[in-house]
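Peer 1: The following file, upload_14.cif, comprises mmCIF, C-alpha atoms:
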```cif
data_run
loop_
_atom_site.label_atom_id
_atom_site.label_comp_id
_atom_site.auth_asym_id
_atom_site.auth_seq_id
_atom_site.Cartn_x
_atom_site.Cartn_y
_atom_site.Cartn_z
CA MET A 26 159.67 30.39 26.66
CA THR A 27 162.06 33.32 26.27
CA ALA A 28 160.93 36.85 25.51
CA ALA A 29 162.72 36.66 22.14
CA ALA A 30 160.81 33.50 21.18
CA ILE A 31 157.47 35.03 22.24
CA ASN A 32 158.27 38.09 20.12
CA LEU A 33 158.86 35.94 17.02
CA TRP A 34 155.62 34.01 17.55
CA LEU A 35 153.79 37.34 17.83
CA LEU A 36 155.52 38.53 14.67
CA LEU A 37 154.46 35.37 12.83
CA LEU A 38 150.85 36.01 13.91
CA ALA A 39 151.23 39.63 12.76
CA LEU A 40 152.37 38.48 9.33
CA ALA A 41 149.34 36.21 9.06
CA ILE A 42 146.98 39.00 10.14
CA ASP A 43 148.45 41.45 7.65
CA ALA A 44 148.43 38.93 4.79
CA THR A 45 144.79 38.00 5.34
CA LEU A 46 143.18 41.22 6.59
CA GLY A 47 145.55 44.12 6.07
CA TRP A 48 144.29 47.33 7.70
CA PRO A 49 140.54 47.33 6.90
CA ASP A 50 139.01 50.53 5.51
CA ILE A 51 136.44 50.66 8.30
CA VAL A 52 139.24 50.73 10.88
CA TYR A 53 141.14 53.37 8.89
CA ARG A 54 138.06 55.59 8.72
CA ARG A 55 137.53 55.37 12.47
CA ILE A 56 141.05 55.65 13.89
CA ARG A 57 143.25 56.23 10.82
CA HIS A 58 146.58 54.35 10.90
CA PRO A 59 149.71 54.37 13.10
CA VAL A 60 151.80 55.78 10.24
CA VAL A 61 149.29 58.64 9.91
CA TRP A 62 149.74 59.36 13.62
CA ILE A 63 153.51 59.32 13.22
CA GLY A 64 153.20 61.63 10.22
CA ALA A 65 151.02 64.06 12.17
CA LEU A 66 153.56 64.23 14.98
CA LEU A 67 156.40 64.77 12.53
CA GLY A 68 154.41 67.42 10.66
CA GLY A 69 153.86 69.34 13.87
CA LEU A 70 157.55 69.19 14.79
CA GLU A 71 158.63 70.19 11.29
CA ALA A 72 156.27 73.19 11.25
CA ARG A 73 157.88 74.51 14.44
CA LEU A 74 161.53 73.65 13.88
CA ASN A 75 162.12 73.96 10.13
CA ARG A 76 162.60 77.73 10.02
CA PRO A 77 163.15 79.22 6.53
CA ASP A 78 165.43 81.91 7.96
CA TRP A 79 167.79 79.30 9.46
CA GLN A 80 170.63 78.19 7.25
CA GLY A 81 173.22 75.43 6.90
CA GLY A 82 174.35 73.80 10.11
CA LEU A 83 171.58 75.32 12.22
CA ARG A 84 168.93 73.84 9.97
CA ARG A 85 170.65 70.45 10.03
CA ALA A 86 170.73 70.59 13.82
CA ALA A 87 167.02 71.41 13.90
CA GLY A 88 166.32 68.43 11.64
CA LEU A 89 168.41 66.16 13.86
CA LEU A 90 166.54 67.39 16.95
CA THR A 91 163.23 66.74 15.19
CA LEU A 92 164.30 63.19 14.37
CA ILE A 93 165.49 62.55 17.94
CA LEU A 94 162.22 63.80 19.43
CA LEU A 95 160.24 61.67 16.99
CA LEU A 96 162.23 58.56 17.90
CA ILE A 97 161.93 59.21 21.63
CA VAL A 98 158.15 59.47 21.37
CA CYS A 99 157.72 56.45 19.07
CA GLY A 100 160.23 54.24 20.87
CA GLY A 101 158.78 55.22 24.24
CA ALA A 102 155.26 54.49 23.02
CA GLY A 103 156.42 51.08 21.81
CA LEU A 104 158.00 50.23 25.17
CA LEU A 105 154.96 51.45 27.09
CA LEU A 106 152.45 49.61 24.92
CA SER A 107 154.48 46.41 24.92
CA GLY A 108 154.75 46.46 28.72
CA LEU A 109 151.06 47.22 29.23
CA LEU A 110 149.83 44.61 26.75
CA HIS A 111 152.02 41.89 28.25
CA ASP A 112 150.18 42.40 31.55
CA LEU A 113 146.68 42.21 30.05
CA PRO A 114 144.69 39.04 29.35
CA PHE A 115 144.90 38.43 25.60
CA GLY A 116 147.02 41.56 25.28
CA TRP A 117 149.26 39.57 22.97
CA ILE A 118 146.51 39.71 20.34
CA ALA A 119 146.47 43.52 20.43
CA GLU A 120 150.26 43.58 20.23
CA ALA A 121 150.23 41.32 17.16
CA VAL A 122 147.58 43.55 15.54
CA LEU A 123 149.76 46.63 16.15
CA MET A 124 152.73 44.86 14.60
CA ALA A 125 150.58 43.81 11.64
CA SER A 126 149.49 47.41 11.03
CA LEU A 127 153.13 48.34 10.39
CA ILE A 128 153.77 45.62 7.80
CA ALA A 129 152.63 46.27 4.23
CA GLN A 130 152.26 42.86 2.55
CA ARG A 131 148.53 43.12 1.84
CA SER A 132 148.33 46.82 0.98
CA LEU A 133 151.37 46.66 -1.30
CA HIS A 134 150.04 43.60 -3.10
CA ASP A 135 146.60 45.17 -3.58
CA HIS A 136 147.93 48.50 -4.84
CA VAL A 137 150.20 46.84 -7.40
CA ALA A 138 147.49 44.38 -8.44
CA ALA A 139 145.24 47.39 -9.05
CA VAL A 140 147.69 48.63 -11.70
CA ALA A 141 147.48 45.32 -13.56
CA ALA A 142 143.68 45.37 -13.26
CA GLY A 143 143.58 48.98 -14.47
CA ILE A 144 145.54 48.11 -17.60
CA GLU A 145 143.46 44.99 -18.25
CA GLN A 146 140.14 46.78 -17.83
CA ASP A 147 140.75 50.35 -19.02
CA GLY A 148 144.04 50.23 -20.89
CA LEU A 149 146.71 52.87 -20.44
CA ALA A 150 144.37 55.37 -18.75
CA GLY A 151 143.39 52.82 -16.10
CA GLY A 152 146.98 51.85 -15.49
CA ARG A 153 148.03 55.48 -15.11
CA ARG A 154 145.28 56.17 -12.56
CA ALA A 155 146.29 53.17 -10.46
CA VAL A 156 150.05 53.67 -10.65
CA ALA A 157 149.68 57.32 -9.57
CA MET A 158 148.68 55.96 -6.15
CA ILE A 159 152.04 54.27 -5.55
CA VAL A 160 154.78 56.18 -7.41
CA GLY A 161 156.02 59.76 -7.40
CA ARG A 162 156.71 60.08 -11.11
CA ASP A 163 154.30 61.79 -13.52
CA PRO A 164 151.94 59.03 -14.75
CA ASP A 165 150.94 61.03 -17.84
CA SER A 166 154.51 60.76 -19.11
CA LEU A 167 154.41 56.94 -19.00
CA ASP A 168 153.33 54.56 -21.74
CA GLU A 169 151.94 51.12 -20.85
CA ALA A 170 155.41 49.62 -20.52
CA GLY A 171 156.48 52.53 -18.29
CA VAL A 172 153.40 52.14 -16.09
CA SER A 173 154.05 48.40 -15.76
CA ARG A 174 157.73 48.86 -14.94
CA ALA A 175 156.90 51.55 -12.37
CA ALA A 176 154.48 49.20 -10.63
CA ILE A 177 157.01 46.35 -10.55
CA GLU A 178 159.78 48.66 -9.32
CA SER A 179 157.50 49.88 -6.54
CA LEU A 180 156.67 46.29 -5.62
CA ALA A 181 160.36 45.37 -5.41
CA GLU A 182 161.50 48.44 -3.47
CA ASN A 183 158.58 48.38 -1.05
CA PHE A 184 159.00 44.67 -0.47
CA SER A 185 162.27 45.70 1.15
CA ASP A 186 161.24 48.79 3.12
CA GLY A 187 157.55 48.01 3.61
CA VAL A 188 157.78 44.31 4.47
CA VAL A 189 161.28 42.93 5.09
CA ALA A 190 162.68 45.90 7.02
CA PRO A 191 159.77 46.18 9.48
CA VAL A 192 159.91 42.42 10.05
CA PHE A 193 163.68 42.53 10.52
CA TRP A 194 163.59 45.26 13.15
CA CYS A 195 160.56 43.76 14.86
CA ALA A 196 162.34 40.42 15.06
CA LEU A 197 165.30 42.11 16.75
CA LEU A 198 163.58 44.66 18.99
CA GLY A 199 159.89 43.78 19.16
CA LEU A 200 157.11 46.36 19.00
CA PRO A 201 159.46 49.26 19.90
CA GLY A 202 161.77 48.21 17.05
CA ILE A 203 159.09 48.19 14.38
CA LEU A 204 157.70 51.52 15.59
CA LEU A 205 161.16 53.08 15.53
CA TYR A 206 161.74 51.78 12.01
CA LYS A 207 158.41 53.13 10.74
CA ALA A 208 159.18 56.50 12.34
CA ILE A 209 162.52 56.66 10.50
CA ASN A 210 160.98 55.52 7.22
CA THR A 211 158.10 58.01 7.54
CA ALA A 212 160.55 60.80 8.31
CA ASP A 213 162.55 59.98 5.19
CA SER A 214 159.42 59.98 3.02
CA MET A 215 158.23 63.31 4.46
CA ILE A 216 161.38 65.36 4.97
CA GLY A 217 164.20 63.40 3.32
CA HIS A 218 163.93 65.27 0.02
CA ARG A 219 166.68 67.05 -1.89
CA ASN A 220 164.95 70.38 -2.30
CA ASP A 221 165.46 73.80 -0.73
CA ARG A 222 163.02 73.15 2.11
CA TYR A 223 164.39 69.79 3.22
CA ARG A 224 167.94 69.36 1.89
CA ALA A 225 169.53 70.42 5.19
CA PHE A 226 166.61 69.82 7.57
CA GLY A 227 165.94 66.27 6.36
CA TRP A 228 169.56 65.21 5.96
CA ALA A 229 169.70 63.18 9.19
CA ALA A 230 166.41 61.41 8.43
CA ALA A 231 167.55 60.44 4.93
CA ARG A 232 170.94 59.15 6.09
CA LEU A 233 169.45 57.16 8.98
CA ASP A 234 166.85 55.63 6.68
CA ASP A 235 169.62 54.48 4.34
CA LEU A 236 171.39 52.86 7.29
CA VAL A 237 168.43 51.01 8.81
CA ASN A 238 167.32 49.72 5.41
CA LEU A 239 170.72 48.33 4.50
CA PRO A 240 170.33 44.81 6.00
CA ALA A 241 166.75 44.40 4.78
CA SER A 242 167.59 45.39 1.21
CA ARG A 243 170.18 42.61 0.99
CA LEU A 244 167.84 40.11 2.64
CA SER A 245 164.99 41.07 0.32
CA ALA A 246 167.21 40.45 -2.72
CA LEU A 247 168.13 37.03 -1.36
CA LEU A 248 164.47 36.16 -0.75
CA LEU A 249 163.56 37.18 -4.31
CA VAL A 250 166.41 35.13 -5.75
CA LEU A 251 165.31 32.07 -3.75
CA SER A 252 161.68 32.64 -4.72
CA ALA A 253 162.67 32.78 -8.40
CA ARG A 254 164.05 29.27 -7.98
CA LEU A 255 160.54 28.12 -7.02
CA LEU A 256 158.48 30.09 -9.55
CA PRO A 257 157.94 28.69 -13.05
CA GLY A 258 159.07 31.15 -15.70
CA ALA A 259 161.44 32.99 -13.33
CA SER A 260 165.22 32.62 -13.21
CA ALA A 261 167.15 32.52 -9.93
CA ARG A 262 170.43 32.44 -11.85
CA ALA A 263 169.58 35.63 -13.77
CA ALA A 264 168.27 37.27 -10.58
CA PHE A 265 171.54 36.60 -8.75
CA ALA A 266 173.59 37.80 -11.73
CA ALA A 267 171.57 41.02 -11.93
CA VAL A 268 172.06 41.71 -8.22
CA GLU A 269 175.80 41.08 -8.47
CA ARG A 270 176.16 43.26 -11.57
CA ASP A 271 173.61 46.05 -11.13
CA ALA A 272 172.59 46.58 -7.49
CA GLY A 273 175.53 48.82 -6.66
CA ARG A 274 174.91 51.02 -9.72
CA HIS A 275 171.51 52.24 -8.53
CA ARG A 276 171.34 55.85 -7.31
CA SER A 277 169.91 54.52 -4.02
CA PRO A 278 172.23 52.48 -1.77
CA ASN A 279 169.39 50.06 -1.04
CA ALA A 280 166.68 50.11 -3.71
CA GLY A 281 168.93 48.56 -6.35
CA TRP A 282 169.14 45.24 -4.50
CA PRO A 283 165.49 44.15 -4.65
CA GLU A 284 164.92 45.91 -7.98
CA ALA A 285 167.87 44.13 -9.61
CA ALA A 286 166.73 40.79 -8.18
CA MET A 287 163.19 41.34 -9.46
CA ALA A 288 164.41 42.49 -12.88
CA GLY A 289 166.74 39.53 -13.34
CA ALA A 290 164.18 37.02 -12.11
CA LEU A 291 161.55 38.24 -14.60
CA GLY A 292 163.88 39.03 -17.50
CA LEU A 293 163.06 42.75 -17.35
CA LYS A 294 164.84 46.09 -17.25
CA LEU A 295 163.79 48.20 -14.28
CA ALA A 296 164.74 51.65 -12.97
CA GLY A 297 166.79 53.44 -15.66
CA PRO A 298 166.25 57.09 -16.67
CA ARG A 299 162.88 58.44 -15.49
CA ARG A 300 161.00 61.66 -14.78
CA TYR A 301 159.62 62.92 -11.45
CA GLY A 302 157.47 65.95 -12.20
CA ASP A 303 159.78 68.42 -13.95
CA ARG A 304 162.93 66.60 -12.71
CA TRP A 305 164.70 64.07 -14.92
CA VAL A 306 166.63 61.36 -13.05
CA GLU A 307 169.50 59.54 -14.72
CA ASP A 308 169.89 56.05 -13.33
CA HIS A 309 171.31 52.72 -14.44
CA TRP A 310 169.05 49.99 -15.70
CA MET A 311 168.55 47.07 -13.32
CA GLY A 312 168.53 43.87 -15.37
CA GLY A 313 171.28 44.83 -17.77
CA GLU A 314 171.37 44.22 -21.48
CA ASP A 315 169.62 40.86 -21.16
CA GLY A 316 166.40 42.37 -19.85
CA ARG A 317 163.52 43.80 -21.86
CA ALA A 318 162.04 47.23 -21.24
CA GLU A 319 158.67 46.28 -22.71
CA ALA A 320 156.41 45.13 -19.89
CA GLY A 321 152.68 44.75 -19.40
CA ALA A 322 149.98 43.51 -17.06
CA PRO A 323 151.11 39.84 -17.33
CA ASP A 324 154.55 40.88 -16.06
CA ILE A 325 152.96 42.65 -13.10
CA ARG A 326 150.99 39.48 -12.31
CA HIS A 327 154.18 37.43 -12.56
CA ALA A 328 155.97 39.85 -10.23
CA LEU A 329 153.13 39.55 -7.72
CA ARG A 330 153.49 35.77 -7.71
CA LEU A 331 157.19 36.18 -7.00
CA PHE A 332 156.35 38.65 -4.22
CA ARG A 333 153.90 36.24 -2.58
CA LEU A 334 156.51 33.47 -2.60
CA ALA A 335 159.10 35.82 -1.08
CA CYS A 336 156.66 36.79 1.68
CA LEU A 337 156.09 33.10 2.43
CA LEU A 338 159.83 32.51 2.65
CA LEU A 339 160.15 35.48 5.01
CA ALA A 340 157.41 34.02 7.22
CA GLY A 341 159.25 30.71 7.09
CA LEU A 342 162.40 32.38 8.42
CA VAL A 343 160.42 33.88 11.31
CA LEU A 344 158.85 30.48 12.03
CA LEU A 345 162.27 28.82 11.99
CA GLY A 346 163.65 31.42 14.39
CA ALA A 347 160.66 31.06 16.72
CA ASN A 348 161.08 27.29 16.86
CA VAL A 349 164.82 27.48 17.46
CA LEU A 350 164.43 29.99 20.28
CA SER A 351 161.61 27.95 21.80
CA LEU A 352 163.80 24.85 22.27
#
```
What would you get if you wrote out this structure as structure tokens?
Peer 2:
Amino acid sequence: MTAAAINLWLLLLALAIDATLGWPDIVYRRIRHPVVWIGALLGGLEARLNRPDWQGGLRRAAGLLTLILLLIVCGGAGLLLSGLLHDLPFGWIAEAVLMASLIAQRSLHDHVAAVAAGIEQDGLAGGRRAVAMIVGRDPDSLDEAGVSRAAIESLAENFSDGVVAPVFWCALLGLPGILLYKAINTADSMIGHRNDRYRAFGWAAARLDDLVNLPASRLSALLLVLSARLLPGASARAAFAAVERDAGRHRSPNAGWPEAAMAGALGLKLAGPRRYGDRWVEDHWMGGEDGRAEAGAPDIRHALRLFRLACLLLAGLVLLGANVLSL
């Protein structure tokens, strides 16, 4: 069996581990999480290299150096671990567990489901508490429809960069690939902001994150459209139309694809104008005039069913690839 086929079988096992177990709290309490380790390394580099007295091009260069060092360490760790584990009895299990830790099917599902449960059990206050865990906007400014839309938007966007993108890069490059992707994605979330501290320093991280998420965002939209064809009450035709019409209008070059697909499939309006703290963001609605802005816990539950189907289709693609390469 080729190395590429073995990698896909390991990835399929990783998807199964993540879907069933996630990253248990007891493990997190003892050793934290690989993304936390990546974040700690990045935080240390940023504290030393992001000098407030540096300006313009110098600060951009420092941010680029930070990103390069981060990628060297993470990519090197991936190569080293992959080589060591291949030589150990049952090392393939540990490798699959490491891959699984960098895929977010279970944690994303549970966090979004908690928003629906919060609304169902404690109304708007419960929904606001739960949605504050997964979005950056001010939850106190959201009504129940806003909380519900925010949860569904987060589900759609993070399906792309928390599930499909890690799987995509792992399928291509194995454990080093998924570690490199998570390093880039973590860098974007930590330093890729458009404020005085990070606008220049985090420029390279933000641009590279846009680039590496480009193929996965398109694939995630396709998976959601196909899943809508299989889910009662969802519309694949409307999902495809929303992607074609709205995806390119989103302020993000990638987030609009899965959000438009999700909006069209469920007959909703997502994204649109919204507030992050004291900053008001003008954005186009995903879902167009045909969608409804009013959403609630049942819509979140419906979105989660669509998400589960899309994850199954993604696993099916990995299984198909593993079988083809094993011939």
Peer 1: Apply the PyMOL selection byres ((chain A and resi 202) around 12) to the file shown and report the selected residues as a PyMOL selection string.
Peer 2: chain A and resi 32+36+96-97+99-104+107+124+127+190-201+203-209+237
Peer 1: Would you mind exporting C-alpha atoms of the selected residues as a PDB file, in the coordinates of the input?
Peer 2:
```pdb
ATOM      1  CA  ASN A  32     158.270  38.090  20.120  1.00  0.00           C
ATOM      2  CA  LEU A  36     155.520  38.530  14.670  1.00  0.00           C
ATOM      3  CA  LEU A  96     162.230  58.560  17.900  1.00  0.00           C
ATOM      4  CA  ILE A  97     161.930  59.210  21.630  1.00  0.00           C
ATOM      5  CA  CYS A  99     157.720  56.450  19.070  1.00  0.00           C
ATOM      6  CA  GLY A 100     160.230  54.240  20.870  1.00  0.00           C
ATOM      7  CA  GLY A 101     158.780  55.220  24.240  1.00  0.00           C
ATOM      8  CA  ALA A 102     155.260  54.490  23.020  1.00  0.00           C
ATOM      9  CA  GLY A 103     156.420  51.080  21.810  1.00  0.00           C
ATOM     10  CA  LEU A 104     158.000  50.230  25.170  1.00  0.00           C
ATOM     11  CA  SER A 107     154.480  46.410  24.920  1.00  0.00           C
ATOM     12  CA  MET A 124     152.730  44.860  14.600  1.00  0.00           C
ATOM     13  CA  LEU A 127     153.130  48.340  10.390  1.00  0.00           C
ATOM     14  CA  ALA A 190     162.680  45.900   7.020  1.00  0.00           C
ATOM     15  CA  PRO A 191     159.770  46.180   9.480  1.00  0.00           C
ATOM     16  CA  VAL A 192     159.910  42.420  10.050  1.00  0.00           C
ATOM     17  CA  PHE A 193     163.680  42.530  10.520  1.00  0.00           C
ATOM     18  CA  TRP A 194     163.590  45.260  13.150  1.00  0.00           C
ATOM     19  CA  CYS A 195     160.560  43.760  14.860  1.00  0.00           C
ATOM     20  CA  ALA A 196     162.340  40.420  15.060  1.00  0.00           C
ATOM     21  CA  LEU A 197     165.300  42.110  16.750  1.00  0.00           C
ATOM     22  CA  LEU A 198     163.580  44.660  18.990  1.00  0.00           C
ATOM     23  CA  GLY A 199     159.890  43.780  19.160  1.00  0.00           C
ATOM     24  CA  LEU A 200     157.110  46.360  19.000  1.00  0.00           C
ATOM     25  CA  PRO A 201     159.460  49.260  19.900  1.00  0.00           C
ATOM     26  CA  ILE A 203     159.090  48.190  14.380  1.00  0.00           C
ATOM     27  CA  LEU A 204     157.700  51.520  15.590  1.00  0.00           C
ATOM     28  CA  LEU A 205     161.160  53.080  15.530  1.00  0.00           C
ATOM     29  CA  TYR A 206     161.740  51.780  12.010  1.00  0.00           C
ATOM     30  CA  LYS A 207     158.410  53.130  10.740  1.00  0.00           C
ATOM     31  CA  ALA A 208     159.180  56.500  12.340  1.00  0.00           C
ATOM     32  CA  ILE A 209     162.520  56.660  10.500  1.00  0.00           C
ATOM     33  CA  VAL A 237     168.430  51.010   8.810  1.00  0.00           C
TER      34      VAL A 237
END
```
Peer 1: Write out as a ChimeraX atom specification the residues lying within 10 Å of Ala264 of chain A, counting only C-alpha atoms and excluding same-chain residues fewer than 4 positions away.
Peer 2: /A:246-247,249-254,259-260,268-270,283-292,312
Peer 1: Enumerate, in order of chain and increasing residue number, the residues of segment 88-173 of chain A with an atom no farther than 9 Å from segment 43-59 of chain A, each with its shortest atom pair and distance in Å to one decimal, counting all atoms listed in the file, as CSV.
Peer 2:
```
residue,atom,partner,partner_atom,distance
A:Val122,CA,A:Asp43,CA,8.2
A:Leu123,CA,A:Pro59,CA,8.3
A:Met124,CA,A:Asp43,CA,8.8
A:Ala125,CA,A:Asp43,CA,5.1
A:Ser126,CA,A:Trp48,CA,6.2
A:Leu127,CA,A:Pro59,CA,7.4
A:Ile128,CA,A:Asp43,CA,6.8
A:Ala129,CA,A:Asp43,CA,7.2
A:Gln130,CA,A:Ala44,CA,5.9
A:Arg131,CA,A:Ala44,CA,5.1
A:Ser132,CA,A:Gly47,CA,6.4
```
Peer 1: Give me the result of the PyMOL selection byres ((chain A and resi 139) around 10) on this file, residue by residue, as a list in words.
Peer 2: Leu133, His134, Asp135, His136, Val137, Ala138, Val140, Ala141, Ala142, Gly143, Ile144, Glu145, Gly151, Gly152, Arg154, Ala155, Val156, Met158, Ala176 and Ile325 of chain A
Peer 1: Could you list, as a count of residues only, every residue matched by the PyMOL selection byres ((chain A and resi 87) around 10) in this structure?
Peer 2: 22
Peer 1: Provide the atom CA of Val160 of chain A to atom CA of His327 of chain A distance in Å, to one decimal place.
Peer 2: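 Separation of atom CA of Val160 of chain A and atom CA of His327 of chain A: 19.5 Å.
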Peer 1: Could the residues of segment 214-273 of chain A that have an atom at most 10 Å from segment 339-351 of chain A be listed as JSON lines, each with its closest atom pair and the distance in Å to one decimal, counting all atoms listed in the file and ordered by chain and ascending residue number?
Peer 2:
```
{"residue": "A:Leu244", "atom": "CA", "partner": "A:Leu339", "partner_atom": "CA", "distance": 9.3}
{"residue": "A:Ser245", "atom": "CA", "partner": "A:Leu339", "partner_atom": "CA", "distance": 8.8}
{"residue": "A:Leu248", "atom": "CA", "partner": "A:Leu339", "partner_atom": "CA", "distance": 7.2}
```
Peer 1: At what distance in Å, to one decimal, does atom CA of Asp213 of chain A lie from atom CA of Ser173 of chain A?
Peer 2: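 Distance between the two atoms: 25.4 Å.
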Peer 1: Output as AutoDock Vina command-line options the centre and edge lengths (Å, one decimal) of the box along x, y and z of the file that holds every listed atom of segment 263-273 of chain A after adding 5 Å on each side.
Peer 2:
```
--center_x 172.2 --center_y 42.2 --center_z -10.2 --size_x 17.9 --size_y 23.2 --size_z 17.1
```
Peer 1: For atom CA of Glu314 of chain A and atom CA of Leu293 of chain A, determine how far apart the two atoms are, in Å to one decimal place.
Peer 2: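 These two atoms are separated by 9.4 Å.
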Peer 1: Please determine, counting all atoms listed in the file, which residue among A:His111, A:Arg222, A:Arg232, A:Arg326 has the shortest atom-to-atom distance to Arg174 of chain A.
Peer 2: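 With all atoms listed in the file as the atom set, the closest residue is A:Arg326.
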